[in-house]
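Just run-v9.cif here, mmCIF, C-alpha atoms:
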data_model
#
loop_
_atom_site.label_atom_id
_atom_site.label_comp_id
_atom_site.auth_asym_id
_atom_site.auth_seq_id
_atom_site.Cartn_x
_atom_site.Cartn_y
_atom_site.Cartn_z
CA MET A 1 12.29 -13.91 4.04
CA HIS A 2 10.71 -17.15 5.12
CA GLN A 3 10.81 -20.29 2.94
CA LEU A 4 11.10 -18.41 -0.34
CA ASN A 5 13.13 -19.92 -3.15
CA PRO A 6 16.18 -17.90 -4.25
CA VAL A 7 14.74 -16.88 -7.65
CA MET A 8 11.59 -15.43 -6.09
CA ARG A 9 13.58 -13.80 -3.33
CA ALA A 10 15.76 -12.06 -5.93
CA CYS A 11 12.65 -10.88 -7.79
CA ILE A 12 11.15 -9.44 -4.59
CA GLU A 13 14.39 -7.53 -4.04
CA GLU A 14 14.38 -6.18 -7.61
CA CYS A 15 10.75 -5.07 -7.19
CA LEU A 16 11.46 -3.27 -3.92
CA ARG A 17 14.58 -1.66 -5.40
CA CYS A 18 12.67 -0.45 -8.45
CA TYR A 19 9.82 0.79 -6.20
CA SER A 20 12.33 2.72 -4.06
CA THR A 21 14.21 4.17 -7.02
CA CYS A 22 11.11 5.25 -8.98
CA LEU A 23 9.40 6.86 -6.00
CA SER A 24 12.45 8.73 -4.69
CA THR A 25 13.43 9.86 -8.21
CA ALA A 26 9.92 11.12 -8.97
CA MET A 27 9.78 13.11 -5.74
CA ALA A 28 13.37 14.42 -5.49
CA HIS A 29 14.36 14.69 -9.16
CA CYS A 30 11.26 15.07 -11.35
CA LEU A 31 9.46 17.55 -9.07
CA GLU A 32 12.68 19.55 -8.61
CA ILE A 33 13.43 19.89 -12.33
CA GLY A 34 9.86 20.21 -13.64
CA GLY A 35 9.17 20.71 -17.37
CA LYS A 36 9.00 17.38 -19.15
CA HIS A 37 9.59 15.63 -15.82
CA THR A 38 6.24 16.72 -14.41
CA GLU A 39 4.25 16.28 -17.59
CA ARG A 40 1.25 14.21 -16.68
CA LYS A 41 2.07 11.24 -18.90
CA HIS A 42 5.60 10.75 -17.59
CA PHE A 43 4.80 11.35 -13.93
CA THR A 44 1.77 9.04 -14.04
CA LEU A 45 3.95 6.29 -15.50
CA MET A 46 6.48 6.79 -12.68
CA MET A 47 3.69 6.48 -10.09
CA ALA A 48 2.15 3.44 -11.83
CA CYS A 49 5.57 1.76 -11.88
CA THR A 50 6.04 2.53 -8.17
CA GLU A 51 2.68 0.97 -7.29
CA ILE A 52 2.92 -2.18 -9.43
CA CYS A 53 6.42 -2.96 -8.09
CA ARG A 54 5.14 -2.57 -4.51
CA THR A 55 2.22 -4.86 -5.30
CA SER A 56 4.29 -7.51 -7.13
CA ALA A 57 6.60 -7.83 -4.15
CA HIS A 58 3.53 -8.12 -1.90
CA PHE A 59 2.00 -10.95 -3.94
CA MET A 60 5.24 -12.95 -3.87
CA LEU A 61 5.59 -12.39 -0.11
CA LEU A 62 1.98 -13.51 0.40
CA GLY A 63 2.78 -16.71 -1.46
CA SER A 64 -0.18 -16.18 -3.80
CA GLU A 65 -0.22 -18.16 -7.04
CA HIS A 66 -1.58 -15.00 -8.68
CA HIS A 67 1.88 -13.40 -8.41
CA LYS A 68 2.51 -14.62 -11.97
CA HIS A 69 -0.10 -12.32 -13.49
CA VAL A 70 0.92 -9.38 -11.33
CA CYS A 71 4.59 -9.94 -12.25
CA ARG A 72 3.63 -10.02 -15.95
CA GLU A 73 1.94 -6.61 -15.62
CA CYS A 74 4.91 -5.35 -13.59
CA ALA A 75 7.33 -6.38 -16.36
CA GLU A 76 5.17 -4.54 -18.90
CA ILE A 77 4.95 -1.27 -16.91
CA CYS A 78 8.63 -1.33 -15.88
CA GLY A 79 9.60 -1.78 -19.54
CA GLN A 80 7.58 1.28 -20.54
CA CYS A 81 8.92 3.31 -17.63
CA ALA A 82 12.53 2.44 -18.56
CA LYS A 83 11.93 3.69 -22.12
CA ASP A 84 10.28 6.92 -20.98
CA CYS A 85 13.05 7.65 -18.45
CA GLU A 86 15.64 7.01 -21.18
CA ARG A 87 13.85 9.46 -23.47
CA LEU A 88 14.17 12.21 -20.81
CA GLY A 89 17.86 11.47 -20.57
CA ASP A 90 19.02 12.24 -17.03
CA MET A 91 17.45 9.32 -15.21
CA GLN A 92 19.90 6.47 -15.68
CA GLU A 93 19.47 5.00 -12.17
CA CYS A 94 15.74 4.68 -12.83
CA VAL A 95 16.29 3.20 -16.32
CA ASP A 96 18.58 0.53 -14.85
CA ALA A 97 16.29 -0.35 -11.93
CA CYS A 98 13.25 -0.62 -14.23
CA ARG A 99 15.10 -2.81 -16.77
CA GLN A 100 16.41 -5.22 -14.15
CA CYS A 101 12.98 -5.46 -12.49
CA ALA A 102 11.27 -6.02 -15.87
CA GLU A 103 13.63 -8.90 -16.68
CA SER A 104 13.24 -10.49 -13.27
CA CYS A 105 9.43 -10.19 -13.32
CA ALA A 106 9.25 -11.54 -16.88
CA ARG A 107 11.04 -14.69 -15.68
CA MET A 108 8.59 -15.09 -12.76
CA ALA A 109 5.62 -14.68 -15.11
CA ALA A 110 6.84 -17.31 -17.57
CA MET B 111 -12.75 12.43 -6.76
CA HIS B 112 -11.41 14.79 -9.35
CA GLN B 113 -12.50 14.59 -13.00
CA LEU B 114 -13.33 10.88 -12.91
CA ASN B 115 -16.19 9.59 -15.03
CA PRO B 116 -19.10 8.03 -13.09
CA VAL B 117 -18.42 4.43 -14.21
CA MET B 118 -14.81 4.55 -13.04
CA ARG B 119 -15.82 6.31 -9.84
CA ALA B 120 -18.29 3.53 -9.09
CA CYS B 121 -15.60 0.90 -9.75
CA ILE B 122 -13.16 2.63 -7.37
CA GLU B 123 -15.86 2.56 -4.70
CA GLU B 124 -16.54 -1.16 -5.28
CA CYS B 125 -12.81 -1.90 -5.05
CA LEU B 126 -12.42 0.02 -1.79
CA ARG B 127 -15.55 -1.62 -0.36
CA CYS B 128 -14.29 -5.10 -1.28
CA TYR B 129 -10.85 -4.25 0.13
CA SER B 130 -12.44 -3.10 3.41
CA THR B 131 -14.77 -6.08 3.68
CA CYS B 132 -12.13 -8.73 2.88
CA LEU B 133 -9.52 -7.29 5.24
CA SER B 134 -11.85 -6.74 8.19
CA THR B 135 -13.50 -10.15 7.69
CA ALA B 136 -10.15 -11.94 7.53
CA MET B 137 -8.95 -10.29 10.72
CA ALA B 138 -12.13 -10.26 12.83
CA HIS B 139 -13.96 -13.34 11.55
CA CYS B 140 -11.47 -15.83 10.04
CA LEU B 141 -8.83 -15.44 12.79
CA GLU B 142 -11.53 -15.65 15.48
CA ILE B 143 -13.11 -18.84 14.16
CA GLY B 144 -9.97 -20.62 12.92
CA GLY B 145 -10.16 -24.12 11.40
CA LYS B 146 -10.92 -23.91 7.69
CA HIS B 147 -10.90 -20.11 7.96
CA THR B 148 -7.18 -19.97 8.71
CA GLU B 149 -6.14 -22.70 6.33
CA ARG B 150 -3.33 -21.28 4.28
CA LYS B 151 -5.08 -21.48 0.91
CA HIS B 152 -8.20 -19.62 2.01
CA PHE B 153 -6.44 -16.97 4.07
CA THR B 154 -3.89 -16.27 1.32
CA LEU B 155 -6.74 -15.77 -1.15
CA MET B 156 -8.39 -13.28 1.24
CA MET B 157 -5.12 -11.34 1.53
CA ALA B 158 -4.50 -11.44 -2.23
CA CYS B 159 -8.03 -10.14 -2.82
CA THR B 160 -7.46 -7.35 -0.29
CA GLU B 161 -4.24 -6.26 -2.00
CA ILE B 162 -5.43 -6.38 -5.63
CA CYS B 163 -8.58 -4.37 -4.78
CA ARG B 164 -6.41 -1.73 -3.05
CA THR B 165 -4.12 -1.61 -6.09
CA SER B 166 -6.92 -1.48 -8.69
CA ALA B 167 -8.46 1.53 -6.94
CA HIS B 168 -4.99 3.14 -6.87
CA PHE B 169 -4.44 2.68 -10.62
CA MET B 170 -7.82 4.24 -11.47
CA LEU B 171 -7.14 7.15 -9.11
CA LEU B 172 -3.70 7.66 -10.70
CA GLY B 173 -5.40 7.87 -14.09
CA SER B 174 -3.07 5.21 -15.49
CA GLU B 175 -4.11 3.50 -18.72
CA HIS B 176 -2.76 0.28 -17.18
CA HIS B 177 -5.79 0.16 -14.86
CA LYS B 178 -7.45 -2.12 -17.43
CA HIS B 179 -4.99 -4.95 -16.86
CA VAL B 180 -5.02 -4.52 -13.11
CA CYS B 181 -8.85 -4.49 -13.11
CA ARG B 182 -8.85 -7.71 -15.17
CA GLU B 183 -6.68 -9.44 -12.57
CA CYS B 184 -8.84 -7.96 -9.81
CA ALA B 185 -11.99 -9.42 -11.40
CA GLU B 186 -10.28 -12.83 -11.59
CA ILE B 187 -9.11 -12.87 -7.96
CA CYS B 188 -12.40 -11.46 -6.58
CA GLY B 189 -14.31 -14.17 -8.48
CA GLN B 190 -12.18 -16.90 -6.89
CA CYS B 191 -12.46 -15.31 -3.45
CA ALA B 192 -16.27 -15.13 -3.73
CA LYS B 193 -16.40 -18.86 -4.53
CA ASP B 194 -14.09 -19.82 -1.69
CA CYS B 195 -16.00 -17.69 0.84
CA GLU B 196 -19.26 -19.27 -0.37
CA ARG B 197 -17.75 -22.73 0.16
CA LEU B 198 -17.01 -21.89 3.83
CA GLY B 199 -20.60 -20.79 4.25
CA ASP B 200 -20.72 -18.03 6.88
CA MET B 201 -19.17 -15.20 4.89
CA GLN B 202 -22.05 -13.76 2.89
CA GLU B 203 -20.98 -10.11 3.22
CA CYS B 204 -17.61 -11.03 1.71
CA VAL B 205 -19.21 -13.11 -1.08
CA ASP B 206 -21.41 -10.16 -2.05
CA ALA B 207 -18.63 -7.57 -1.97
CA CYS B 208 -16.31 -9.79 -4.05
CA ARG B 209 -19.02 -10.53 -6.65
CA GLN B 210 -19.97 -6.88 -7.10
CA CYS B 211 -16.34 -5.85 -7.35
CA ALA B 212 -15.59 -8.63 -9.86
CA GLU B 213 -18.46 -7.48 -12.10
CA SER B 214 -17.47 -3.85 -11.90
CA CYS B 215 -13.78 -4.58 -12.62
CA ALA B 216 -14.68 -6.90 -15.51
CA ARG B 217 -16.54 -3.99 -17.13
CA MET B 218 -13.53 -1.67 -16.67
CA ALA B 219 -11.22 -4.29 -18.20
CA ALA B 220 -13.35 -4.81 -21.31
CA MET C 221 -17.13 -4.22 7.11
CA HIS C 222 -17.15 -6.96 9.69
CA GLN C 223 -17.90 -6.25 13.35
CA LEU C 224 -16.72 -2.63 13.27
CA ASN C 225 -18.47 -0.09 15.44
CA PRO C 226 -20.22 2.76 13.56
CA VAL C 227 -17.79 5.48 14.66
CA MET C 228 -14.77 3.57 13.39
CA ARG C 229 -16.59 2.56 10.23
CA ALA C 230 -17.32 6.23 9.52
CA CYS C 231 -13.66 7.13 10.11
CA ILE C 232 -12.50 4.41 7.68
CA GLU C 233 -14.84 5.85 5.07
CA GLU C 234 -13.52 9.39 5.64
CA CYS C 235 -9.94 8.13 5.33
CA LEU C 236 -10.66 6.30 2.07
CA ARG C 237 -12.55 9.32 0.69
CA CYS C 238 -9.67 11.66 1.57
CA TYR C 239 -7.16 9.19 0.08
CA SER C 240 -9.19 9.02 -3.15
CA THR C 241 -9.68 12.77 -3.39
CA CYS C 242 -6.05 13.71 -2.66
CA LEU C 243 -4.58 11.17 -5.07
CA SER C 244 -6.94 11.90 -7.97
CA THR C 245 -6.62 15.67 -7.46
CA ALA C 246 -2.81 15.51 -7.36
CA MET C 247 -2.69 13.48 -10.58
CA ALA C 248 -5.50 15.08 -12.62
CA HIS C 249 -5.47 18.67 -11.32
CA CYS C 250 -2.02 19.53 -9.88
CA LEU C 251 0.01 17.87 -12.66
CA GLU C 252 -2.27 19.43 -15.31
CA ILE C 253 -1.99 22.99 -13.97
CA GLY C 254 1.64 22.90 -12.82
CA GLY C 255 3.29 26.00 -11.31
CA LYS C 256 2.62 26.20 -7.57
CA HIS C 257 0.70 22.92 -7.83
CA THR C 258 3.80 20.90 -8.68
CA GLU C 259 6.15 22.69 -6.32
CA ARG C 260 7.88 20.01 -4.33
CA LYS C 261 6.57 21.07 -0.93
CA HIS C 262 2.89 21.08 -1.95
CA PHE C 263 3.01 17.91 -4.03
CA THR C 264 4.91 16.00 -1.34
CA LEU C 265 2.26 17.00 1.21
CA MET C 266 -0.48 15.73 -1.13
CA MET C 267 1.34 12.38 -1.50
CA ALA C 268 2.00 12.13 2.26
CA CYS C 269 -1.69 12.80 2.94
CA THR C 270 -2.68 10.13 0.41
CA GLU C 271 -0.42 7.54 2.06
CA ILE C 272 -1.30 8.23 5.71
CA CYS C 273 -5.05 8.10 4.94
CA ARG C 274 -4.57 4.75 3.19
CA THR C 275 -2.60 3.46 6.17
CA SER C 276 -5.02 4.76 8.82
CA ALA C 277 -7.89 2.96 7.13
CA HIS C 278 -5.75 -0.20 6.99
CA PHE C 279 -4.95 -0.11 10.73
CA MET C 280 -8.62 0.27 11.65
CA LEU C 281 -9.59 -2.57 9.30
CA LEU C 282 -6.85 -4.76 10.83
CA GLY C 283 -8.35 -4.10 14.26
CA SER C 284 -4.94 -3.02 15.58
CA GLU C 285 -4.90 -1.04 18.82
CA HIS C 286 -2.14 1.06 17.24
CA HIS C 287 -4.72 2.72 14.99
CA LYS C 288 -4.95 5.51 17.58
CA HIS C 289 -1.40 6.71 16.94
CA VAL C 290 -1.72 6.37 13.18
CA CYS C 291 -5.03 8.29 13.27
CA ARG C 292 -3.35 11.04 15.32
CA GLU C 293 -0.66 11.45 12.65
CA CYS C 294 -3.33 11.30 9.95
CA ALA C 295 -5.27 14.14 11.60
CA GLU C 296 -2.05 16.21 11.74
CA ILE C 297 -1.10 15.69 8.08
CA CYS C 298 -4.68 16.15 6.79
CA GLY C 299 -4.91 19.43 8.71
CA GLN C 300 -1.72 20.70 7.06
CA CYS C 301 -2.84 19.49 3.63
CA ALA C 302 -6.21 21.28 4.00
CA LYS C 303 -4.40 24.56 4.78
CA ASP C 304 -1.98 24.22 1.87
CA CYS C 305 -4.77 23.37 -0.58
CA GLU C 306 -6.74 26.39 0.68
CA ARG C 307 -3.69 28.61 0.10
CA LEU C 308 -3.56 27.54 -3.58
CA GLY C 309 -7.21 28.42 -3.90
CA ASP C 310 -8.78 26.12 -6.51
CA MET C 311 -8.85 22.87 -4.55
CA GLN C 312 -12.02 23.09 -2.47
CA GLU C 313 -12.97 19.39 -2.82
CA CYS C 314 -9.57 18.48 -1.38
CA VAL C 315 -9.82 21.06 1.41
CA ASP C 316 -13.20 19.64 2.48
CA ALA C 317 -12.12 15.99 2.34
CA CYS C 318 -8.96 16.72 4.35
CA ARG C 319 -10.85 18.72 7.02
CA GLN C 320 -13.51 16.05 7.50
CA CYS C 321 -10.91 13.31 7.68
CA ALA C 322 -8.80 15.31 10.15
CA GLU C 323 -11.80 15.77 12.46
CA SER C 324 -12.81 12.13 12.26
CA CYS C 325 -9.25 10.89 12.90
CA ALA C 326 -8.77 13.32 15.78
CA ARG C 327 -11.81 11.76 17.48
CA MET C 328 -10.41 8.24 16.96
CA ALA C 329 -7.06 9.30 18.42
CA ALA C 330 -8.58 10.81 21.57
CA MET D 331 17.57 5.76 -4.41
CA HIS D 332 17.85 9.35 -5.49
CA GLN D 333 19.58 11.95 -3.32
CA LEU D 334 18.95 10.18 -0.03
CA ASN D 335 21.53 10.43 2.74
CA PRO D 336 23.12 7.11 3.78
CA VAL D 337 21.44 6.96 7.21
CA MET D 338 17.98 7.33 5.75
CA ARG D 339 18.80 4.93 2.93
CA ALA D 340 19.84 2.32 5.51
CA CYS D 341 16.60 2.86 7.44
CA ILE D 342 14.50 2.41 4.29
CA GLU D 343 16.31 -0.88 3.66
CA GLU D 344 15.68 -2.05 7.25
CA CYS D 345 11.99 -1.15 6.92
CA LEU D 346 11.61 -3.05 3.65
CA ARG D 347 13.50 -6.03 5.05
CA CYS D 348 11.30 -6.13 8.17
CA TYR D 349 8.18 -5.71 5.98
CA SER D 350 9.30 -8.64 3.80
CA THR D 351 10.24 -10.87 6.72
CA CYS D 352 7.07 -10.23 8.77
CA LEU D 353 4.72 -10.72 5.83
CA SER D 354 6.36 -13.88 4.47
CA THR D 355 6.70 -15.36 7.97
CA ALA D 356 3.06 -14.67 8.82
CA MET D 357 1.85 -16.29 5.61
CA ALA D 358 4.26 -19.24 5.28
CA HIS D 359 5.07 -20.02 8.93
CA CYS D 360 2.25 -18.78 11.20
CA LEU D 361 -0.62 -19.98 8.97
CA GLU D 362 1.13 -23.33 8.44
CA ILE D 363 1.70 -24.02 12.15
CA GLY D 364 -1.50 -22.49 13.54
CA GLY D 365 -2.28 -22.60 17.27
CA LYS D 366 -0.69 -19.64 19.05
CA HIS D 367 0.64 -18.43 15.71
CA THR D 368 -2.83 -17.66 14.37
CA GLU D 369 -4.25 -16.29 17.60
CA ARG D 370 -5.79 -12.97 16.73
CA LYS D 371 -3.54 -10.84 18.93
CA HIS D 372 -0.28 -12.21 17.52
CA PHE D 373 -1.35 -12.29 13.89
CA THR D 374 -2.77 -8.77 14.04
CA LEU D 375 0.53 -7.52 15.44
CA MET D 376 2.40 -9.21 12.58
CA MET D 377 0.10 -7.52 10.05
CA ALA D 378 0.35 -4.13 11.79
CA CYS D 379 4.15 -4.43 11.76
CA THR D 380 4.09 -5.30 8.05
CA GLU D 381 1.98 -2.25 7.24
CA ILE D 382 3.82 0.34 9.34
CA CYS D 383 7.21 -0.76 7.93
CA ARG D 384 5.84 -0.43 4.39
CA THR D 385 4.50 3.03 5.23
CA SER D 386 7.67 4.24 6.98
CA ALA D 387 9.76 3.36 3.94
CA HIS D 388 7.22 5.18 1.76
CA PHE D 389 7.39 8.39 3.83
CA MET D 390 11.19 8.44 3.68
CA LEU D 391 11.12 7.81 -0.09
CA LEU D 392 8.58 10.62 -0.52
CA GLY D 393 10.95 12.96 1.30
CA SER D 394 8.18 13.99 3.69
CA GLU D 395 9.22 15.69 6.93
CA HIS D 396 6.48 13.66 8.62
CA HIS D 397 8.63 10.53 8.29
CA LYS D 398 9.87 11.23 11.84
CA HIS D 399 6.48 10.58 13.41
CA VAL D 400 5.82 7.54 11.25
CA CYS D 401 9.28 6.14 12.09
CA ARG D 402 8.57 6.67 15.80
CA GLU D 403 5.38 4.60 15.53
CA CYS D 404 7.25 2.02 13.45
CA ALA D 405 9.92 1.66 16.15
CA GLU D 406 7.17 1.15 18.75
CA ILE D 407 5.28 -1.52 16.79
CA CYS D 408 8.45 -3.35 15.68
CA GLY D 409 9.61 -3.48 19.31
CA GLN D 410 6.32 -5.08 20.37
CA CYS D 411 6.38 -7.50 17.45
CA ALA D 412 9.94 -8.59 18.29
CA LYS D 413 8.87 -9.39 21.86
CA ASP D 414 5.79 -11.31 20.79
CA CYS D 415 7.73 -13.34 18.21
CA GLU D 416 10.35 -14.12 20.87
CA ARG D 417 7.59 -15.33 23.21
CA LEU D 418 6.42 -17.86 20.57
CA GLY D 419 9.95 -19.10 20.23
CA ASP D 420 10.49 -20.33 16.67
CA MET D 421 10.59 -17.00 14.88
CA GLN D 422 14.16 -15.80 15.26
CA GLU D 423 14.47 -14.30 11.77
CA CYS D 424 11.44 -12.14 12.51
CA VAL D 425 12.73 -11.16 15.97
CA ASP D 426 16.03 -10.01 14.44
CA ALA D 427 14.46 -8.06 11.56
CA CYS D 428 12.02 -6.30 13.93
CA ARG D 429 14.78 -5.36 16.42
CA GLN D 430 17.08 -3.96 13.76
CA CYS D 431 14.23 -2.01 12.17
CA ALA D 432 13.11 -0.67 15.56
CA GLU D 433 16.64 0.62 16.31
CA SER D 434 17.02 2.20 12.90
CA CYS D 435 13.59 3.89 13.05
CA ALA D 436 14.20 5.12 16.60
CA ARG D 437 17.32 6.92 15.33
CA MET D 438 15.35 8.52 12.46
CA ALA D 439 12.65 9.67 14.89
CA ALA D 440 15.10 11.32 17.31
#
What do you get writing this file as structure tokens?
Amino acid sequence: MHQLNPVMRACIEECLRCYSTCLSTAMAHCLEIGGKHTERKHFTLMMACTEICRTSAHFMLLGSEHHKHVCRECAEICGQCAKDCERLGDMQECVDACRQCAESCARMAA
Amino acid sequence: MHQLNPVMRACIEECLRCYSTCLSTAMAHCLEIGGKHTERKHFTLMMACTEICRTSAHFMLLGSEHHKHVCRECAEICGQCAKDCERLGDMQECVDACRQCAESCARMAA
Amino acid sequence: MHQLNPVMRACIEECLRCYSTCLSTAMAHCLEIGGKHTERKHFTLMMACTEICRTSAHFMLLGSEHHKHVCRECAEICGQCAKDCERLGDMQECVDACRQCAESCARMAA
Amino acid sequence: MHQLNPVMRACIEECLRCYSTCLSTAMAHCLEIGGKHTERKHFTLMMACTEICRTSAHFMLLGSEHHKHVCRECAEICGQCAKDCERLGDMQECVDACRQCAESCARMAA
């Protein structure tokens, strides 16, 4: 990744990892199990987390100064998604990815 | 568009129109003309505007409550993009699309 | 939309309409009703249709010659999505949007 | 990434790496240098490569059977992008990322 400082590069990688984990978990785990996992509130949060992580990475790759605000929103949504996945109880990979991405994005937003 | 209220539906349409206008103008007009149009600051703003409009529409279509924060950032970036396109002087379609989208997103964010 | 011929412009609009309809219907209708609507095969097809429509529009807006191949795949997926939505029986808006988009993309791919 | 086999997981990682490399190189290197690097044909190819890699990863993460066709197109576009970046001569990181992604996607498409 061209000319990016190591802290931003690490944040892009966390965002893309969280994007990948949330999307694949929603599709392969939540849809398979159903019940609470496909309740509208939880599934919408999974999809919102997927999209904001994808977009945060994009803003950092663009080199846009606005990445700070997008990263702040990403940290917020990832934090909520981590809590909701923890509540459901069988989604530890997603909890971990969301927490690490939230921390990394919070640092970028500071 | 399923079950969406008319105000949100109109905002989604403004976002997708601004996305389409910014992206096609950047690729067919800015790259063709060059000079100030491909200076990094201007072109990055065009690409950031393209991406945030695409994402704002996505959040409203998801039905995520977080659309408010994304729309607020969209209004901010579209406002800046409108000003920068006006400065260059031959991008009126883009100025208009950005302004209308900024107004519509500002209402959604309120 | 800058310098785009009317046929391509119409196809972009069909793609963005189908994207909007599929995504909002999946989130507000399928997740609400559940049962067959959140079976993995149907929901995955809805999400695949959403993504390929978004991407087809993007390729045409970029002015990439590769839009033909992306539009061909879009026509294929939209056609399948229309059939699957018709099978479920209460998704006429989605059936119509998918069919119109499939026809428009098939013409672009020819 | 939930329940994905190792070959597909590796391909998703190649796609996201190529996406990241092409986008950051286009914005930080091509726009900075200008000349041949912002000629419409080259820059459009960079943007098309960015988008198809993003979409290929998405289709694999969705678990859609249509990922094969999207990966085939991704292999095609990445191959062209690698050649064009090699022609310009100072874009080796991009050449390498495109080649590795093209190989990985060609295997997924087979």
Quick one: apply the PyMOL selection byres ((chain B and resi 168-175) around 9) to the file and drop the selected residues here as a ChimeraX atom specification.
-> /A:41,44-45,47-48,51-52 /B:111-112,114,118-119,121-122,163-167,176-181 /C:240-241,243-248
Expansion of the PyMOL selection byres ((chain D) within 9 of (chain B)) into residues, as a list of chain:residue names |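 Going through the file, the PyMOL selection byres ((chain D) within 9 of (chain B)) ends up selecting D:Met357, D:Ala358, D:Leu361, D:Glu362, D:Gly364, D:Thr368, D:Glu369, D:Arg370, D:Phe373, D:Thr374.
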For stretch 426-433 of chain D: contacts at 6 Å, all atoms listed in the file, fewer than 2 positions along chain excluded, given as a list in words |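 Selected residues are Glu344, Cys345, Cys348, Ala405, Cys408, Gly409, Ala412, Glu423, Cys424, Cys435 and Ala436 of chain D.
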C:Ala330, C:Leu236, C:Cys269, C:Cys242 ranked by distance to C:Glu296, top pick (using only C-alpha atoms) =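 When distances to C:Glu296 are compared using only C-alpha atoms, the smallest one comes from C:Cys269.
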Have a look at atom CA of A:Glu73 and atom CA of B:Met156 and let me know their distance in Å, one decimal.
->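 Taking atom CA of A:Glu73 and atom CA of B:Met156, their separation equals 20.9 Å.
Across the model, the gap from atom CA of D:Val425 to atom CA of A:Val7 is 24.4 Å.
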